[in-house]
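Enquirer: The structure's right below; bear with me while I get my questions together.
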Amino acid sequence: MRSPLNLNDEEIENLKHIGDYDNIDIIRLWIEKARYLKKKYGKVQLGFNMQGILSTAIKVRGEALFIDFFENPDIAKKTLEVCFETTENLREYVYRYNCENGYPEIDRVQATNCAVALVSPDIYREFIMPYDLRLAQRFTSKFGIHHCGPNMDRFAELYAALPKGIYYDIGYGSDVEKCVELFKTDAFPQLIRGRLGPHILLNSDEAGIESEIKRIINSGVNKVVCVGADQNTPDRNIDAYFKSVWKHGNKQ
């Protein structure tokens with residue numbers, strides 16, 4: 001993984017968002033590959049992990065960003081604004097190509113809040129939430145939130161204050177029941193996903209895995225996943241995971 005750029009104050013102040021992607025070598029290579037696939041198969045969809053605004057800002061500013069939130073908020077906000085505008089310009093760029101290549105619809109746009117677990121709800125409210133709101137307002141019927149950290153419940157009331165989303169990814173260790181209660185709506189279909197921790201899959205026995213899966217499902221989610229598995233995870237635990245999801249998920 002590439003190290004942060006660790007831009008200083010002056011470099012951040014002079015930083016501008018990217019609007020033109022046609023002359024960026026890696027993007028041009030990406031587009032050339034898409035054209036080849038389009039010619040061969042008739043259509044192609046470009047897609048990649050957009051990351052989250054906080055994760056991107058950390059890659060630009062480095063760990064100094066966490067100090068900026070308290071001591072240099074203008075620099076923090078400038079960093080976040082440039083990252084957001086650049087990301088959204090790239091999203092629009094990809095969308096245009098996908099329309100040309102046979103995929104005119106955006107399935108889902110999520111606030112990818114992996115790094116939000118590293119800050120407080122107050123920091124999220126002041127610095128990050130305004131950008132999540134802009135996403136939610138722009139993609140009203142396609143908005144979702146991913147929070148893979150173990151403390152989504154600490155942010156759940158703030159997330160719930162945003163327009164209701166079609167997708168919520170609840171990090172393992174969070175209070176799943178509290179999150180579901182705040183996020184769920186009957187106004188439209190939603191995917192609310194709970195996670196099993198890979199360490200549970202590795203270290204627990206079949207009964208423990210089933211018990212944890214049952215607890216997550218009974219909290220109100222409509223999908224369970226385990227993102228990642230240690231190479232030493234016993235086959236019997238993988239089998240127990242799938243059987244437990246099937247057994248208890250089908251009762252919903």
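Labeling convention for the structure tokens: chains A, B, ... as they appear, residues from 1 per chain, ligands from 1 in order of appearance.
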Hey, what's within 12 Å of region 182-188 of chain A if we count only C-alpha atoms and toss same-chain stuff fewer than 4 positions away? As a PyMOL selection string, please?
Expert: chain A and resi 140-142+144-145+152-170+175-178+192-193+219-222
Enquirer: Given the selection you just returned, output its residues as a file containing N, CA and C atoms, formatted as a short mmCIF file (atom, residue, chain, number, x, y, z; two decimals), in the first residue's frame.
Expert:
data_model
loop_
_atom_site.label_atom_id
_atom_site.label_comp_id
_atom_site.auth_asym_id
_atom_site.auth_seq_id
_atom_site.Cartn_x
_atom_site.Cartn_y
_atom_site.Cartn_z
N THR A 140 -30.39 9.98 -4.08
CA THR A 140 -31.44 9.77 -3.09
C THR A 140 -31.96 8.33 -3.03
N SER A 141 -32.00 7.65 -4.17
CA SER A 141 -32.56 6.29 -4.18
C SER A 141 -31.47 5.22 -4.25
N LYS A 142 -30.21 5.62 -4.13
CA LYS A 142 -29.11 4.67 -4.29
C LYS A 142 -28.07 4.76 -3.17
N GLY A 144 -26.04 4.44 0.36
CA GLY A 144 -25.82 3.49 1.44
C GLY A 144 -24.61 3.89 2.27
N ILE A 145 -24.42 3.20 3.38
CA ILE A 145 -23.30 3.50 4.28
C ILE A 145 -22.59 2.20 4.65
N MET A 152 -20.13 1.13 14.97
CA MET A 152 -21.10 1.84 14.15
C MET A 152 -22.25 2.39 15.00
N ASP A 153 -22.57 1.71 16.08
CA ASP A 153 -23.67 2.16 16.94
C ASP A 153 -23.39 3.55 17.53
N ARG A 154 -22.12 3.91 17.71
CA ARG A 154 -21.78 5.23 18.25
C ARG A 154 -22.13 6.34 17.25
N PHE A 155 -22.19 5.98 15.97
CA PHE A 155 -22.48 6.94 14.91
C PHE A 155 -23.90 6.76 14.35
N ALA A 156 -24.62 5.78 14.88
CA ALA A 156 -25.88 5.37 14.25
C ALA A 156 -26.91 6.48 14.22
N GLU A 157 -27.01 7.27 15.27
CA GLU A 157 -27.99 8.36 15.28
C GLU A 157 -27.65 9.42 14.24
N LEU A 158 -26.36 9.65 14.03
CA LEU A 158 -25.94 10.61 13.00
C LEU A 158 -26.21 10.05 11.61
N TYR A 159 -25.90 8.77 11.40
CA TYR A 159 -26.21 8.13 10.13
C TYR A 159 -27.71 8.15 9.87
N ALA A 160 -28.48 7.91 10.91
CA ALA A 160 -29.94 7.88 10.76
C ALA A 160 -30.52 9.26 10.47
N ALA A 161 -29.77 10.31 10.80
CA ALA A 161 -30.24 11.67 10.51
C ALA A 161 -30.08 12.02 9.04
N LEU A 162 -29.26 11.24 8.32
CA LEU A 162 -29.16 11.40 6.88
C LEU A 162 -30.41 10.80 6.23
N PRO A 163 -30.71 11.15 4.98
CA PRO A 163 -31.84 10.48 4.31
C PRO A 163 -31.66 8.97 4.35
N LYS A 164 -32.75 8.25 4.59
CA LYS A 164 -32.69 6.79 4.73
C LYS A 164 -32.03 6.16 3.51
N GLY A 165 -31.15 5.22 3.77
CA GLY A 165 -30.40 4.57 2.71
C GLY A 165 -30.97 3.22 2.33
N ILE A 166 -30.52 2.73 1.17
CA ILE A 166 -30.96 1.41 0.72
C ILE A 166 -30.01 0.32 1.21
N TYR A 167 -28.88 0.73 1.82
CA TYR A 167 -27.85 -0.24 2.19
C TYR A 167 -27.11 0.24 3.44
N TYR A 168 -26.93 -0.67 4.38
CA TYR A 168 -26.11 -0.39 5.56
C TYR A 168 -25.25 -1.61 5.84
N ASP A 169 -23.96 -1.39 5.98
CA ASP A 169 -23.01 -2.46 6.30
C ASP A 169 -22.53 -2.23 7.72
N ILE A 170 -22.95 -3.09 8.63
CA ILE A 170 -22.70 -2.90 10.07
C ILE A 170 -21.45 -3.69 10.47
N ASP A 175 -23.23 -2.63 17.94
CA ASP A 175 -24.54 -3.00 18.48
C ASP A 175 -25.50 -3.10 17.28
N VAL A 176 -25.64 -4.32 16.76
CA VAL A 176 -26.40 -4.53 15.53
C VAL A 176 -27.87 -4.14 15.73
N GLU A 177 -28.43 -4.56 16.84
CA GLU A 177 -29.86 -4.30 17.06
C GLU A 177 -30.16 -2.80 17.09
N LYS A 178 -29.31 -2.03 17.76
CA LYS A 178 -29.50 -0.58 17.81
C LYS A 178 -29.42 0.02 16.41
N ILE A 192 -29.64 -4.56 4.80
CA ILE A 192 -28.96 -4.24 6.06
C ILE A 192 -28.14 -5.46 6.44
N ARG A 193 -26.82 -5.28 6.42
CA ARG A 193 -25.91 -6.41 6.48
C ARG A 193 -25.14 -6.43 7.80
N SER A 219 -31.01 -9.89 15.35
CA SER A 219 -30.94 -8.44 15.58
C SER A 219 -31.66 -7.65 14.50
N GLY A 220 -32.05 -8.34 13.40
CA GLY A 220 -32.88 -7.70 12.39
C GLY A 220 -32.24 -7.50 11.03
N VAL A 221 -31.01 -7.95 10.85
CA VAL A 221 -30.38 -7.80 9.53
C VAL A 221 -31.03 -8.75 8.54
N ASN A 222 -30.85 -8.48 7.26
CA ASN A 222 -31.37 -9.41 6.26
C ASN A 222 -30.24 -10.04 5.42
#
Enquirer: Report as a count of residues only all protein, DNA and RNA residues lying within 8 Å of Thr86 (chain A), evaluated on only C-alpha atoms, omitting residues in the same chain fewer than 3 positions from it.
Expert: 7
Enquirer: If you run DSSP on this backbone, which residues of region 90-231 of chain A come out as alpha helix (DSSP H), and could you give them as a PyMOL selection string?
Expert: chain A and resi 90-100+121-123+129-138+152-161+176-183+198-203+206-218
Enquirer: Output the selection as a PDB file, in the first residue's frame - C-alpha atoms for each residue.
Expert:
ATOM      1  CA  LEU A  90     -13.940  10.613 -11.074  1.00  0.00           C
ATOM      2  CA  ARG A  91     -17.280   8.969 -10.308  1.00  0.00           C
ATOM      3  CA  GLU A  92     -18.929  11.101 -12.994  1.00  0.00           C
ATOM      4  CA  TYR A  93     -16.126  10.318 -15.433  1.00  0.00           C
ATOM      5  CA  VAL A  94     -16.570   6.577 -14.902  1.00  0.00           C
ATOM      6  CA  TYR A  95     -20.344   6.916 -15.147  1.00  0.00           C
ATOM      7  CA  ARG A  96     -20.076   8.556 -18.580  1.00  0.00           C
ATOM      8  CA  TYR A  97     -17.924   5.713 -19.883  1.00  0.00           C
ATOM      9  CA  ASN A  98     -20.241   3.095 -18.415  1.00  0.00           C
ATOM     10  CA  CYS A  99     -23.194   4.718 -20.172  1.00  0.00           C
ATOM     11  CA  GLU A 100     -21.317   4.515 -23.463  1.00  0.00           C
ATOM     12  CA  PRO A 121     -18.865  11.159  16.569  1.00  0.00           C
ATOM     13  CA  ASP A 122     -18.285  14.881  17.138  1.00  0.00           C
ATOM     14  CA  ILE A 123     -15.455  14.946  14.594  1.00  0.00           C
ATOM     15  CA  MET A 129     -21.052  14.116   7.779  1.00  0.00           C
ATOM     16  CA  PRO A 130     -21.586  17.134   5.465  1.00  0.00           C
ATOM     17  CA  TYR A 131     -20.070  15.104   2.610  1.00  0.00           C
ATOM     18  CA  ASP A 132     -22.152  12.039   3.414  1.00  0.00           C
ATOM     19  CA  LEU A 133     -25.178  14.320   3.286  1.00  0.00           C
ATOM     20  CA  ARG A 134     -24.157  15.634  -0.141  1.00  0.00           C
ATOM     21  CA  LEU A 135     -23.902  12.053  -1.398  1.00  0.00           C
ATOM     22  CA  ALA A 136     -27.247  11.104   0.117  1.00  0.00           C
ATOM     23  CA  GLN A 137     -28.969  14.133  -1.415  1.00  0.00           C
ATOM     24  CA  ARG A 138     -27.423  13.545  -4.821  1.00  0.00           C
ATOM     25  CA  MET A 152     -21.102   1.840  14.150  1.00  0.00           C
ATOM     26  CA  ASP A 153     -23.672   2.165  16.938  1.00  0.00           C
ATOM     27  CA  ARG A 154     -21.778   5.228  18.245  1.00  0.00           C
ATOM     28  CA  PHE A 155     -22.484   6.942  14.910  1.00  0.00           C
ATOM     29  CA  ALA A 156     -25.877   5.366  14.255  1.00  0.00           C
ATOM     30  CA  GLU A 157     -27.994   8.360  15.283  1.00  0.00           C
ATOM     31  CA  LEU A 158     -25.942  10.608  12.998  1.00  0.00           C
ATOM     32  CA  TYR A 159     -26.208   8.134  10.129  1.00  0.00           C
ATOM     33  CA  ALA A 160     -29.940   7.881  10.760  1.00  0.00           C
ATOM     34  CA  ALA A 161     -30.239  11.666  10.514  1.00  0.00           C
ATOM     35  CA  VAL A 176     -26.401  -4.526  15.533  1.00  0.00           C
ATOM     36  CA  GLU A 177     -29.855  -4.300  17.065  1.00  0.00           C
ATOM     37  CA  LYS A 178     -29.504  -0.578  17.811  1.00  0.00           C
ATOM     38  CA  CYS A 179     -28.263   0.106  14.281  1.00  0.00           C
ATOM     39  CA  VAL A 180     -31.091  -1.829  12.628  1.00  0.00           C
ATOM     40  CA  GLU A 181     -33.679  -0.066  14.771  1.00  0.00           C
ATOM     41  CA  LEU A 182     -32.406   3.334  13.628  1.00  0.00           C
ATOM     42  CA  PHE A 183     -31.758   2.507   9.978  1.00  0.00           C
ATOM     43  CA  PRO A 198     -13.065 -13.579  11.017  1.00  0.00           C
ATOM     44  CA  HIS A 199     -11.543 -14.362  14.429  1.00  0.00           C
ATOM     45  CA  ILE A 200     -14.833 -16.006  15.448  1.00  0.00           C
ATOM     46  CA  LEU A 201     -14.727 -18.089  12.298  1.00  0.00           C
ATOM     47  CA  LEU A 202     -11.137 -19.073  13.099  1.00  0.00           C
ATOM     48  CA  ASN A 203     -11.276 -19.717  16.836  1.00  0.00           C
ATOM     49  CA  GLU A 206     -19.492 -25.019  15.291  1.00  0.00           C
ATOM     50  CA  ALA A 207     -21.889 -24.315  18.142  1.00  0.00           C
ATOM     51  CA  GLY A 208     -20.294 -20.943  18.851  1.00  0.00           C
ATOM     52  CA  ILE A 209     -20.458 -19.936  15.210  1.00  0.00           C
ATOM     53  CA  GLU A 210     -24.117 -20.889  14.982  1.00  0.00           C
ATOM     54  CA  SER A 211     -24.895 -18.988  18.177  1.00  0.00           C
ATOM     55  CA  GLU A 212     -23.219 -15.827  16.864  1.00  0.00           C
ATOM     56  CA  ILE A 213     -24.891 -16.071  13.464  1.00  0.00           C
ATOM     57  CA  LYS A 214     -28.263 -16.538  15.152  1.00  0.00           C
ATOM     58  CA  ARG A 215     -27.659 -13.495  17.367  1.00  0.00           C
ATOM     59  CA  ILE A 216     -26.768 -11.289  14.401  1.00  0.00           C
ATOM     60  CA  ILE A 217     -29.760 -12.442  12.342  1.00  0.00           C
ATOM     61  CA  ASN A 218     -32.140 -12.037  15.272  1.00  0.00           C
TER      62      ASN A 218
END
Enquirer: Please identify all polymer residues within 8 Å of region 73-78 of chain A, counting only C-alpha atoms, omitting same-chain residues fewer than 3 positions from it, and present them as a PyMOL selection string.
Expert: chain A and resi 9+12-13+65+68-70+81-82+127
Enquirer: Can you work out the spacing between CA of Gln231 (chain A) and CA of Asp205 (chain A) in Å, to one decimal?
Expert: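 Between CA of Gln231 (chain A) and CA of Asp205 (chain A) the gap is 16.2 Å.
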Enquirer: Take CA of Ala34 (chain A) and CA of Leu46 (chain A) and report the distance between them in Å, one decimal.
Expert: 7.2 Å
Enquirer: Do a neighbour search on Lys59 (chain A) at 10 Å with only C-alpha atoms, toss out local chain neighbours closer than 6 positions, and write the hits as number ranges by chain.
Expert: A: 2-7, 53, 65, 83
Enquirer: Between A:Leu37, A:Lys16, A:Val44, A:Ser204, which has the minimum distance to Arg236 (chain A) (counting only C-alpha atoms)?
Expert: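 The answer is A:Ser204, which sits nearest to Arg236 (chain A).
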Enquirer: State, in Å with one decimal place, the distance from CA of Arg28 (chain A) to CA of Gly47 (chain A).
Expert: 14.4 Å
Enquirer: Where does DSSP see strand (DSSP E) in region 106-147 of chain A, if you list the residues as a PyMOL selection string?
Expert: chain A and resi 109-112+143-147
Enquirer: So that I have them on file, write out the residues from the current selection with C-alpha atoms, as a JSON list (two decimals), in the first residue's frame.
Expert:
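Wrote it out as out-v1.json, contents follow:
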[["chain", "number", "residue", "atom", "x", "y", "z"],
["A", 109, "VAL", "CA", -23.32, 4.83, -4.03],
["A", 110, "GLN", "CA", -22.06, 4.36, -0.52],
["A", 111, "ALA", "CA", -20.34, 6.49, 2.07],
["A", 112, "THR", "CA", -17.32, 4.23, 2.57],
["A", 143, "PHE", "CA", -27.37, 5.82, -1.11],
["A", 144, "GLY", "CA", -25.82, 3.49, 1.44],
["A", 145, "ILE", "CA", -23.30, 3.50, 4.28],
["A", 146, "HIS", "CA", -20.43, 1.12, 4.92],
["A", 147, "HIS", "CA", -18.88, 1.25, 8.40]]
Enquirer: Using only C-alpha atoms for the distances, tell me which of A:Asn101, A:Arg125, A:Glu11, A:Ala117 is nearest to Cys148 (chain A).
Expert: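 Closest candidate: A:Ala117.
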Enquirer: Can you tell me, as a PyMOL selection string, what residues are no more than 10 Å from Gly149 (chain A) when counting only C-alpha atoms, ignoring any on the same chain fewer than 6 positions away?
Expert: chain A and resi 113-118+169-174
Enquirer: Just write the chosen residues, C-alpha atoms, as a short mmCIF file (atom, residue, chain, number, x, y, z; two decimals), in the first residue's frame.
Expert:
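Writing the result to again_28.cif gives the following:
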data_model
loop_
_atom_site.label_atom_id
_atom_site.label_comp_id
_atom_site.auth_asym_id
_atom_site.auth_seq_id
_atom_site.Cartn_x
_atom_site.Cartn_y
_atom_site.Cartn_z
CA ASN A 113 -16.61 5.06 6.18
CA CYS A 114 -13.88 2.54 6.98
CA ALA A 115 -11.72 5.16 8.71
CA VAL A 116 -14.57 6.87 10.57
CA ALA A 117 -14.07 4.34 13.38
CA LEU A 118 -10.82 6.21 14.12
CA ASP A 169 -23.01 -2.46 6.30
CA ILE A 170 -22.70 -2.90 10.07
CA GLY A 171 -19.17 -3.63 11.24
CA TYR A 172 -18.56 -6.63 13.48
CA GLY A 173 -18.61 -5.73 17.16
CA SER A 174 -21.18 -2.95 16.72
#
Enquirer: Smallest atom-to-atom distance to Gly62 (chain A): which of A:Tyr103, A:Trp30, A:Thr79, A:Asn49, using only C-alpha atoms?
Expert: A:Thr79
Enquirer: Go through A:Thr56, A:Cys226, A:Arg35, A:Ile26 one by one, measure the shortest atom-to-atom distance of each to Ile238 (chain A) using only C-alpha atoms, and give the residue with the smallest value.
Expert: A:Cys226
